Amino acid sequence: MERPPVFSLEVLADRALVKDVVKGMLILETNSILLSLFLAPPSHGAVRLPAVDDPELEELIDQRTNLLIKSIEASVGAGSKSLRGQIAVEFYERRPKKAWFSKAEEKVCWEQWLLSVTLVNPRNDSERVRARASIEHQLQKAVLEIITTASIRKDHIPPITNDTNPFPYQIIVSPKGDTWGARIGIF
């Protein structure tokens with residue numbers, strides 16, 4: 001099976017902003033990617049940030065953001081010097097699967113976005129100002145990358161079906177790999 005394209009983003013956040021930064025990036029990723037499939041790309045004059053009004057998606061993003069923060073904090077408590085965490089958004093298509101006596105479906109990943117978050121811990125006001133400027137710069141860069149990639153890189157996207165949600169997705173905290181055990185947290 002061919003591996004799906006993986007798009008990676010790096011962002012910085014301080015402890016006070018980590019929840020807002022991660023949540024904002026996940027909302028932007030899922031909404032931009034899902035809506036770019038159905039809408040024309042933004043005009044050059046203005047950047048539109050599309051949004052889907054989906055309480056279920058918002059709840060999932062809240063849950064995964066909280067889980068990522070707990071994961072980062074647990075690694076710090078366990079003695080790790082790295083204040084990093086990773087979260088992935090994976091998009092799937094439903095394909096018919098050959099079964100002996102029934103019709104079955106399988107979900108096949110066609111695109112993955114990895115968001116690596118590094119926590120910074122400024123010690124004084126001047127470090128805090130520099131950190132905020134760096135965070136702002138990385139966020140702007142990530143937003144443009146998401147919008148550009150979602151608008152241009154469409155050659156691998158499967159055909160859209162008439163389903164309510166033609167492309168199921170998963171949001172995975174600290175993805176460990178592409179094995180079955182890793183997906184359910186065993187390995």
# chains A, B, ... in the order shown; residues from 1 in each chain; ligands from 1
>>> closest_atom_pairs(of="stretch 70-159 of chain A", to="stretch 14-34 of chain A", cutoff="6 Å", atoms="only C-alpha atoms", output="JSON lines")
{"residue": "A:Leu119", "atom": "CA", "partner": "A:Asp14", "partner_atom": "CA", "distance": 5.2}
{"residue": "A:Val120", "atom": "CA", "partner": "A:Asp14", "partner_atom": "CA", "distance": 4.8}
{"residue": "A:Asn121", "atom": "CA", "partner": "A:Asp14", "partner_atom": "CA", "distance": 5.9}
{"residue": "A:Ala150", "atom": "CA", "partner": "A:Ile33", "partner_atom": "CA", "distance": 5.3}
>>> write_last_selection(atoms="N, CA and C atoms", output="mmCIF file, in the first residue's frame")
data_model
loop_
_atom_site.group_PDB
_atom_site.id
_atom_site.type_symbol
_atom_site.label_atom_id
_atom_site.label_comp_id
_atom_site.auth_asym_id
_atom_site.auth_seq_id
_atom_site.Cartn_x
_atom_site.Cartn_y
_atom_site.Cartn_z
ATOM 1 N N LEU A 119 7.331 23.589 23.779
ATOM 2 C CA LEU A 119 7.022 24.561 24.827
ATOM 3 C C LEU A 119 8.280 25.344 25.171
ATOM 4 N N VAL A 120 8.123 26.641 25.255
ATOM 5 C CA VAL A 120 9.214 27.493 25.702
ATOM 6 C C VAL A 120 8.846 28.032 27.070
ATOM 7 N N ASN A 121 9.855 28.264 27.869
ATOM 8 C CA ASN A 121 9.621 28.724 29.232
ATOM 9 C C ASN A 121 10.469 29.973 29.491
ATOM 10 N N ALA A 150 -3.202 23.055 1.340
ATOM 11 C CA ALA A 150 -4.571 22.550 1.153
ATOM 12 C C ALA A 150 -5.164 23.019 -0.173
#
>>> residues_around(residues="A:Leu57", least_positions_apart="2", cutoff="10 Å", atoms="only C-alpha atoms", output="list of chain:residue names")
A:Leu26, A:Ile27, A:Thr30, A:Asn31, A:Val52, A:Asp53, A:Asp54, A:Pro55, A:Glu59, A:Leu60, A:Ile61, A:Asp62, A:Gln63, A:Tyr169, A:Ile171
>>> closest_residue(among="A:Ile152, A:Leu9, A:Leu83, A:Ile157", to="A:Gln138", atoms="only C-alpha atoms")
A:Leu9
>>> closest_residue(among="A:Val143, A:Ala133, A:Leu114, A:Ala74", to="A:Pro5", atoms="only C-alpha atoms")
A:Leu114
>>> residues_around(residues="A:Trp113", least_positions_apart="3", cutoff="6 Å", atoms="only C-alpha atoms", output="number ranges by chain")
A: 6-8, 88-89
>>> residues_around(residues="stretch 98-109 of chain A", least_positions_apart="6", cutoff="12 Å", atoms="only C-alpha atoms", output="list in words")
Met1, Glu2, Arg3, Pro4, Pro5, Val6, Val89, Glu90, Phe91, Tyr92, His156, Ile157, Pro158, Pro166, Phe167, Pro168, Tyr169, Gln170 and Asp178 of chain A
>>> select_by_dssp(residues="stretch 51-100 of chain A", states="strand (DSSP E or B)", output="ChimeraX atom specification")
/A:84-97
>>> write_last_selection(atoms="C-alpha atoms", output="tab-separated table (two decimals), in the first residue's frame")
chain	number	residue	atom	x	y	z
A	84	ARG	CA	7.85	18.69	22.99
A	85	GLY	CA	4.74	16.92	21.90
A	86	GLN	CA	3.24	15.87	18.63
A	87	ILE	CA	-0.28	15.54	17.35
A	88	ALA	CA	-1.44	14.18	13.99
A	89	VAL	CA	-4.55	14.79	11.92
A	90	GLU	CA	-5.22	11.95	9.50
A	91	PHE	CA	-7.79	11.96	6.70
A	92	TYR	CA	-9.30	8.74	5.35
A	93	GLU	CA	-11.42	7.50	2.53
A	94	ARG	CA	-13.84	4.62	2.74
A	95	ARG	CA	-13.12	1.83	0.28
A	96	PRO	CA	-15.01	-1.37	-0.31
A	97	LYS	CA	-13.20	-4.33	1.18
>>> closest_residue(among="A:Glu56, A:Ser75, A:Leu115, A:Asp155", to="A:Ile172", atoms="only C-alpha atoms")
A:Leu115
>>> decode(residues="stretch 4-28 of chain A", atoms="N, CA, C and O atoms", output="mmCIF file, in the first residue's frame")
data_model
loop_
_atom_site.group_PDB
_atom_site.id
_atom_site.type_symbol
_atom_site.label_atom_id
_atom_site.label_comp_id
_atom_site.auth_asym_id
_atom_site.auth_seq_id
_atom_site.Cartn_x
_atom_site.Cartn_y
_atom_site.Cartn_z
ATOM 1 N N PRO A 4 0.601 7.633 2.470
ATOM 2 C CA PRO A 4 0.010 8.936 2.166
ATOM 3 C C PRO A 4 1.028 10.057 2.371
ATOM 4 O O PRO A 4 1.995 9.885 3.114
ATOM 5 N N PRO A 5 0.814 11.196 1.725
ATOM 6 C CA PRO A 5 1.717 12.321 1.982
ATOM 7 C C PRO A 5 1.574 12.797 3.426
ATOM 8 O O PRO A 5 0.483 12.777 3.997
ATOM 9 N N VAL A 6 2.698 13.198 3.991
ATOM 10 C CA VAL A 6 2.726 13.700 5.367
ATOM 11 C C VAL A 6 3.238 15.133 5.311
ATOM 12 O O VAL A 6 4.298 15.389 4.755
ATOM 13 N N PHE A 7 2.472 16.032 5.888
ATOM 14 C CA PHE A 7 2.855 17.437 5.942
ATOM 15 C C PHE A 7 3.152 17.771 7.398
ATOM 16 O O PHE A 7 2.335 17.533 8.277
ATOM 17 N N SER A 8 4.329 18.327 7.638
ATOM 18 C CA SER A 8 4.764 18.601 9.006
ATOM 19 C C SER A 8 4.804 20.101 9.273
ATOM 20 O O SER A 8 5.229 20.879 8.422
ATOM 21 N N LEU A 9 4.370 20.446 10.471
ATOM 22 C CA LEU A 9 4.400 21.829 10.932
ATOM 23 C C LEU A 9 5.062 21.869 12.296
ATOM 24 O O LEU A 9 4.873 20.959 13.103
ATOM 25 N N GLU A 10 5.824 22.919 12.549
ATOM 26 C CA GLU A 10 6.483 23.117 13.844
ATOM 27 C C GLU A 10 5.973 24.426 14.419
ATOM 28 O O GLU A 10 5.948 25.439 13.721
ATOM 29 N N VAL A 11 5.567 24.404 15.678
ATOM 30 C CA VAL A 11 5.166 25.643 16.351
ATOM 31 C C VAL A 11 5.750 25.691 17.747
ATOM 32 O O VAL A 11 6.018 24.658 18.360
ATOM 33 N N LEU A 12 5.947 26.908 18.206
ATOM 34 C CA LEU A 12 6.373 27.156 19.578
ATOM 35 C C LEU A 12 5.168 27.651 20.368
ATOM 36 O O LEU A 12 4.265 28.263 19.809
ATOM 37 N N ALA A 13 5.184 27.411 21.662
ATOM 38 C CA ALA A 13 4.139 27.951 22.538
ATOM 39 C C ALA A 13 4.696 28.028 23.944
ATOM 40 O O ALA A 13 5.502 27.192 24.340
ATOM 41 N N ASP A 14 4.282 29.046 24.673
ATOM 42 C CA ASP A 14 4.641 29.045 26.086
ATOM 43 C C ASP A 14 3.476 28.420 26.846
ATOM 44 O O ASP A 14 2.412 28.183 26.289
ATOM 45 N N ARG A 15 3.696 28.106 28.099
ATOM 46 C CA ARG A 15 2.674 27.389 28.870
ATOM 47 C C ARG A 15 1.338 28.126 28.906
ATOM 48 O O ARG A 15 0.295 27.502 28.903
ATOM 49 N N ALA A 16 1.388 29.450 28.919
ATOM 50 C CA ALA A 16 0.148 30.219 28.989
ATOM 51 C C ALA A 16 -0.652 30.146 27.688
ATOM 52 O O ALA A 16 -1.871 30.286 27.705
ATOM 53 N N LEU A 17 0.022 29.891 26.563
ATOM 54 C CA LEU A 17 -0.640 29.914 25.259
ATOM 55 C C LEU A 17 -0.786 28.549 24.599
ATOM 56 O O LEU A 17 -1.404 28.451 23.552
ATOM 57 N N VAL A 18 -0.207 27.507 25.174
ATOM 58 C CA VAL A 18 -0.143 26.224 24.471
ATOM 59 C C VAL A 18 -1.525 25.711 24.072
ATOM 60 O O VAL A 18 -1.715 25.242 22.954
ATOM 61 N N LYS A 19 -2.495 25.815 24.938
ATOM 62 C CA LYS A 19 -3.823 25.304 24.602
ATOM 63 C C LYS A 19 -4.422 26.075 23.426
ATOM 64 O O LYS A 19 -4.952 25.473 22.492
ATOM 65 N N ASP A 20 -4.310 27.393 23.449
ATOM 66 C CA ASP A 20 -4.860 28.204 22.360
ATOM 67 C C ASP A 20 -4.125 27.961 21.050
ATOM 68 O O ASP A 20 -4.737 27.884 19.985
ATOM 69 N N VAL A 21 -2.799 27.837 21.109
ATOM 70 C CA VAL A 21 -2.010 27.616 19.904
ATOM 71 C C VAL A 21 -2.365 26.273 19.263
ATOM 72 O O VAL A 21 -2.664 26.193 18.073
ATOM 73 N N VAL A 22 -2.359 25.210 20.045
ATOM 74 C CA VAL A 22 -2.645 23.876 19.502
ATOM 75 C C VAL A 22 -4.078 23.802 18.996
ATOM 76 O O VAL A 22 -4.333 23.324 17.890
ATOM 77 N N LYS A 23 -5.004 24.282 19.788
ATOM 78 C CA LYS A 23 -6.412 24.252 19.383
ATOM 79 C C LYS A 23 -6.615 25.040 18.089
ATOM 80 O O LYS A 23 -7.281 24.570 17.161
ATOM 81 N N GLY A 24 -6.014 26.217 18.014
ATOM 82 C CA GLY A 24 -6.133 27.026 16.801
ATOM 83 C C GLY A 24 -5.561 26.337 15.581
ATOM 84 O O GLY A 24 -6.147 26.357 14.494
ATOM 85 N N MET A 25 -4.405 25.696 15.745
ATOM 86 C CA MET A 25 -3.786 24.998 14.609
ATOM 87 C C MET A 25 -4.627 23.806 14.164
ATOM 88 O O MET A 25 -4.789 23.572 12.968
ATOM 89 N N LEU A 26 -5.168 23.054 15.113
ATOM 90 C CA LEU A 26 -6.006 21.905 14.747
ATOM 91 C C LEU A 26 -7.285 22.343 14.047
ATOM 92 O O LEU A 26 -7.709 21.731 13.065
ATOM 93 N N ILE A 27 -7.900 23.398 14.552
ATOM 94 C CA ILE A 27 -9.112 23.917 13.904
ATOM 95 C C ILE A 27 -8.782 24.369 12.489
ATOM 96 O O ILE A 27 -9.499 24.044 11.541
ATOM 97 N N LEU A 28 -7.691 25.087 12.345
ATOM 98 C CA LEU A 28 -7.299 25.573 11.030
ATOM 99 C C LEU A 28 -6.989 24.412 10.087
ATOM 100 O O LEU A 28 -7.429 24.404 8.939
#
